[in-house]
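The structure appears right after this line, and notes come after that.
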Amino acid sequence: MTYAVKMEVVRHLYPDFRINHIEPYTHGQNNDVFLVNQSVVFRFPKYTDGMKQLQTETELLVAVGPYITLPIPNPIYQSFKENEVGKAFMGYHCIPGSPLWKEDLLGIENDEILSGIASQLVTFLQELHNIPQEAIPSFYKQNQTPIRPYFEGLYQNIKLKLYPWMRPEARQTVSNQFEHFLDGAAHLHAERTLIHGDFGTSNILWDKDAGRITGILDFGGSEIGDPAYDFAGLLSGYGETFLRRCLEMYQAGDGEDMLERIYFYKSTFALQEALHGLEHNDKQAFEDGIRAYR
């Protein structure tokens, strides 16, 4: 289904919304994303199971908006009545800025700017992780999975679906990592809060000239979970030095246990991408995730 056809769905529901220009916006793993009139971003789920996910994300954005200082998507256009791919969507005014890629951050030599960026990101995480339970939509509270059972399930899924594609020593390394984590105590000390769930470089926007974060995107992976998971996104995206700068500001209460969880979670990211690609027939995601393990 083309962008133009999808926008006819929007036009039908919002007849006063004039559509003058449509262009691809970003590559979305779960959604087709495009920019209308150079000002409004629309997301259409690619898969049936993505429609409910986008609907709950939309409800979450509305609920947490008052608690977050940095700009996040504000869903002003939405439709989830028809259970059909191509007809469910969410739209919000574009947040200015470009992704803060790793090379951008590593290219910053001014320590004051680095500290300012770290402070903005940590403030966002503190605000998000401290949102009161009563403000969180019920879906998230009713669909919590304890840490150990979740990663036990992930481990079994990886062994069943990905091990046949992996070289023997890579399989052994992954087994060692999972079994050490599952048999250890680090996960027992984790608090559970609302987390972003996909706190990576493509979802963190910044203004290069000003040297400041301008917004946070894509709450589709949000859940009640371990705050360490969001820091694993920072580790994966920007490396250990920046991670430790952020952790010092965050003042985490469980120290080395949190650090152990961060490194373990980060080690699963590529495998989760490969699984997603395999399960949704996304060859690029599968290849990107499995490449280091072949």
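By order of appearance in the structure tokens: chains A, B, ..., then residues from 1 within every chain, and ligands from 1 in the order shown.
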Backbone DSSP call of strand (DSSP E or B) for segment 43-134 of chain A, listed as a list in words: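 Listing strand (DSSP E or B) positions across segment 43-134 of chain A yields Arg43, Phe44, Pro45, Tyr77, Gln78, Ser79, Phe89, Met90, Gly91, Tyr92, His93, Ser98 and Pro99 of chain A.
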- Message: Please list as a VMD selection string every residue within 10 Å of segment 167-170 of chain A, counting only C-alpha atoms and excluding residues in the same chain fewer than 6 positions away.
- Response: chain A and resid 176 292 to 294
Restricting the output to all heavy atoms, write the selected residues as a PDB file, in the first residue's frame.
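Output below, filename part-v8.pdb:
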```
ATOM      1  N   ASN A 176      26.676 -19.325  27.471  1.00  0.00           N
ATOM      2  CA  ASN A 176      27.383 -18.955  28.701  1.00  0.00           C
ATOM      3  C   ASN A 176      26.836 -17.652  29.273  1.00  0.00           C
ATOM      4  O   ASN A 176      26.652 -17.518  30.489  1.00  0.00           O
ATOM      5  CB  ASN A 176      28.879 -18.817  28.431  1.00  0.00           C
ATOM      6  CG  ASN A 176      29.547 -20.153  28.127  1.00  0.00           C
ATOM      7  OD1 ASN A 176      28.996 -21.215  28.412  1.00  0.00           O
ATOM      8  ND2 ASN A 176      30.731 -20.098  27.533  1.00  0.00           N
ATOM      9  N   ALA A 292      27.175 -11.007  13.232  1.00  0.00           N
ATOM     10  CA  ALA A 292      28.348 -11.247  14.075  1.00  0.00           C
ATOM     11  C   ALA A 292      28.414 -12.667  14.622  1.00  0.00           C
ATOM     12  O   ALA A 292      29.445 -13.070  15.183  1.00  0.00           O
ATOM     13  CB  ALA A 292      28.337 -10.263  15.250  1.00  0.00           C
ATOM     14  N   TYR A 293      27.346 -13.442  14.436  1.00  0.00           N
ATOM     15  CA  TYR A 293      27.279 -14.783  15.026  1.00  0.00           C
ATOM     16  C   TYR A 293      27.439 -15.895  13.997  1.00  0.00           C
ATOM     17  O   TYR A 293      27.491 -17.064  14.356  1.00  0.00           O
ATOM     18  CB  TYR A 293      25.936 -14.973  15.750  1.00  0.00           C
ATOM     19  CG  TYR A 293      25.736 -13.999  16.875  1.00  0.00           C
ATOM     20  CD1 TYR A 293      25.097 -12.778  16.662  1.00  0.00           C
ATOM     21  CD2 TYR A 293      26.195 -14.294  18.158  1.00  0.00           C
ATOM     22  CE1 TYR A 293      24.922 -11.886  17.701  1.00  0.00           C
ATOM     23  CE2 TYR A 293      26.017 -13.408  19.194  1.00  0.00           C
ATOM     24  CZ  TYR A 293      25.381 -12.198  18.960  1.00  0.00           C
ATOM     25  OH  TYR A 293      25.210 -11.310  19.991  1.00  0.00           O
ATOM     26  N   ARG A 294      27.491 -15.550  12.718  1.00  0.00           N
ATOM     27  CA  ARG A 294      27.579 -16.576  11.682  1.00  0.00           C
ATOM     28  C   ARG A 294      28.959 -17.259  11.678  1.00  0.00           C
ATOM     29  O   ARG A 294      29.962 -16.650  11.930  1.00  0.00           O
ATOM     30  CB  ARG A 294      27.333 -15.952  10.296  1.00  0.00           C
ATOM     31  CG  ARG A 294      25.862 -15.669  10.010  1.00  0.00           C
ATOM     32  CD  ARG A 294      25.722 -15.294   8.560  1.00  0.00           C
ATOM     33  NE  ARG A 294      24.377 -14.936   8.167  1.00  0.00           N
ATOM     34  CZ  ARG A 294      23.434 -15.816   7.816  1.00  0.00           C
ATOM     35  NH1 ARG A 294      23.709 -17.099   7.839  1.00  0.00           N
ATOM     36  NH2 ARG A 294      22.233 -15.410   7.465  1.00  0.00           N
TER      37      ARG A 294
END
```
Item to complete: With a distance cut-off of 12 Å and only C-alpha atoms, select the neighbouring residues of Arg11 of chain A, excluding the residue or stretch itself and same-chain residues fewer than 5 positions from it, and output the selection as a PyMOL selection string.
Response: chain A and resi 4-6+16-20+36+77-79+87
Could you take the residues named above and write them with N, CA, C and O atoms, as a compact mmCIF listing (two decimals), in the first residue's frame?
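So again32.txt came out as:
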```
# COMPACT_ATOMS: atom_id res chain seq x y z
N ALA A 4 0.43 7.42 -0.64
CA ALA A 4 -0.73 8.17 -1.09
C ALA A 4 -2.03 7.47 -0.70
O ALA A 4 -2.99 8.11 -0.25
N VAL A 5 -2.06 6.15 -0.87
CA VAL A 5 -3.26 5.39 -0.50
C VAL A 5 -3.49 5.47 1.00
O VAL A 5 -4.63 5.65 1.47
N LYS A 6 -2.43 5.34 1.77
CA LYS A 6 -2.58 5.44 3.22
C LYS A 6 -3.07 6.82 3.64
O LYS A 6 -3.89 6.95 4.57
N ASP A 16 -10.39 18.16 7.15
CA ASP A 16 -9.85 19.53 7.16
C ASP A 16 -8.33 19.56 7.08
O ASP A 16 -7.74 20.64 6.96
N PHE A 17 -7.70 18.38 7.15
CA PHE A 17 -6.25 18.31 7.09
C PHE A 17 -5.80 18.30 5.63
O PHE A 17 -6.02 17.35 4.90
N ARG A 18 -5.20 19.40 5.19
CA ARG A 18 -4.77 19.53 3.79
C ARG A 18 -3.43 18.83 3.60
O ARG A 18 -2.47 19.08 4.34
N ILE A 19 -3.36 17.96 2.60
CA ILE A 19 -2.16 17.19 2.32
C ILE A 19 -1.54 17.70 1.02
O ILE A 19 -2.08 17.51 -0.07
N ASN A 20 -0.39 18.36 1.15
CA ASN A 20 0.27 18.95 -0.01
C ASN A 20 1.53 18.20 -0.43
O ASN A 20 1.92 18.26 -1.59
N VAL A 36 4.45 14.44 6.27
CA VAL A 36 3.42 15.12 5.48
C VAL A 36 3.56 16.63 5.67
O VAL A 36 3.68 17.12 6.81
N TYR A 77 -3.23 13.03 15.70
CA TYR A 77 -4.02 12.27 14.73
C TYR A 77 -3.89 10.80 15.07
O TYR A 77 -2.79 10.31 15.31
N GLN A 78 -5.01 10.10 15.07
CA GLN A 78 -4.93 8.67 15.37
C GLN A 78 -6.20 7.96 14.93
O GLN A 78 -7.29 8.55 14.89
N SER A 79 -6.05 6.68 14.58
CA SER A 79 -7.19 5.84 14.25
C SER A 79 -6.81 4.38 14.47
O SER A 79 -5.81 3.90 13.91
N LYS A 87 -4.74 0.89 7.74
CA LYS A 87 -5.80 1.79 8.18
C LYS A 87 -5.62 2.28 9.62
O LYS A 87 -6.32 3.20 10.05
```
Item to complete: Find the spatial neighbours of Leu259 of chain A, counting only C-alpha atoms, within a cut-off of 12 Å - ignore same-chain residues fewer than 2 positions away - and output them as a list of chain:residue names.
Response: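 Contacts, in chain order: A:Ala186, A:His187, A:His189, A:Ala190, A:Asp226, A:Pro227, A:Ala228, A:Tyr229, A:Asp230, A:Phe231, A:Ala232, A:Leu235, A:Glu240, A:Leu243, A:Arg244, A:Leu247, A:Glu248, A:Ala252, A:Gly253, A:Asp254, A:Gly255, A:Glu256, A:Asp257, A:Arg261, A:Ile262, A:Tyr263, A:Phe264, A:Tyr265, A:Lys266.
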Review point. Can you list, as number ranges by chain, every protein, DNA or RNA residue that comes within 6 Å of segment 127-129 of chain A when you count only C-alpha atoms, leaving out same-chain residues fewer than 3 positions away?
Key: A: 124, 193-194
With N, CA and C atoms retained, could you export that selection as a PDB file, in the first residue's frame?
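Saved file again38.pdb follows:
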```
ATOM      1  N   PHE A 124      15.759  12.958  31.489  1.00  0.00           N
ATOM      2  CA  PHE A 124      14.653  12.268  30.828  1.00  0.00           C
ATOM      3  C   PHE A 124      14.413  10.902  31.471  1.00  0.00           C
ATOM      4  N   THR A 193      10.189  -0.167  36.788  1.00  0.00           N
ATOM      5  CA  THR A 193       9.591   1.129  36.513  1.00  0.00           C
ATOM      6  C   THR A 193       9.141   1.149  35.053  1.00  0.00           C
ATOM      7  N   LEU A 194       8.503   2.231  34.671  1.00  0.00           N
ATOM      8  CA  LEU A 194       8.258   2.425  33.245  1.00  0.00           C
ATOM      9  C   LEU A 194       9.588   2.721  32.576  1.00  0.00           C
TER      10      LEU A 194
END
```
